[in-house]
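Have a look at the structure below before the remarks.
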Amino acid sequence: MASRIWLTCSGSAVIGNGSQAYADSKLFDVVLAFAVARLWPGVLSNALEPGWVPTRMGGPGAPDDMSQAPVTQVWLAVSNDPAATVTGRYFYHQRPRPVHPAATSASVQDQLLAACAELTGVQLTSIGPTGVQLTGVELTDLEVPKETRS
Amino acid sequence: MKAVVFAGTRSVEVREVPDAVLEDPPTSCSG
């Protein structure tokens, strides 16, 4: 099975509502997912929005279905459904959804990767279908600290 | 504080932004 990545996004990335910083961050989730899809052809990399659900952040009046919020993540992670074994797509409740046109722009993707490299010293580079290559970082740096594991 | 910002329909930039911009997340989101 191919390696898989999905990044949880927000409708704010599509329609640009919410605070600008929040909307930018969610748009960049999509841009990053699509950049990985382009640069790492052996990895299935997609983005999704879970819906506006009644979490502490979403608020009690959020209209979407909490039970549906995690379904697309799991589906993209493990399903062999042909609709889930794609890359460079954006989903809402297991269905493709249009996304901001900037996300599909290779120029915008490269600008984001350059900006992230400038701030972090970590560069994401193109690879073949069999491996992952990051420069400027050791893989041990990417391990999740024990105290944050669930 | 430096932050990556979406500077237009086809432009991404690293800019200095007020700390408050990053320290005051939205209290609600649209999913």
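Letters A, B, ... mark the chains of the structure tokens in the order given; residue numbers begin at 1 per chain; ligand numbers begin at 1, in order shown.
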Task: Contacts of region 4-9 of chain B within 12 Å, only C-alpha atoms, excl. fewer than 3 positions in-chain, as number ranges by chain - done: A: 13, 16, 20-28, 31, 100-105, 107-109, 111-120; B: 1, 12-17, 21-22
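Secondary structure by DSSP on the backbone puts the following residues of region 10-61 of chain A in helix (DSSP H, G or I): Ser12, Ala13, Val14, Ile15, Gln20, Ala21, Tyr22, Ala23, Asp24, Ser25, Lys26, Leu27, Phe28, Asp29, Val30, Val31, Leu32, Ala33, Phe34, Ala35, Val36, Ala37, Arg38 and Leu39 of chain A.
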TODO: Run DSSP on the backbone and grab whatever in region 1-133 of chain A lands in strand (DSSP E); send it over as a ChimeraX atom specification.
DONE: /A:3-8,43-49,90-92,95-96,123-124
Task: Neighbour list for Ser67 (chain A) as a ChimeraX atom specification, cut-off 12 Å, only C-alpha atoms, skip fewer than 3 positions in-chain - done: /A:50-55,64,70-72,93
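Between CA of Gly88 (chain A) and CA of Val30 (chain A) there is a distance of 8.9 Å.
Residues in contact range of Trp75 (chain A), defined as at most 12 Å between only C-alpha atoms, with sequence neighbours fewer than 3 positions away removed, read Arg4, Ile5, Trp6, Asn46, Leu48, Gln68, Ala69, Pro70, Val71, Thr72, Val78, Ser79, Asn80, Asp81, Pro82, Ala83, Ala84, Thr85, Val86, Phe91, Tyr92, His93, Gln94 and Arg95 of chain A.
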Open item on the list: What's the separation between CA of Gln123 (chain A) and CA of Trp40 (chain A), in Å to one decimal place?
Closed with: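 Separation of CA of Gln123 (chain A) and CA of Trp40 (chain A): 13.4 Å.
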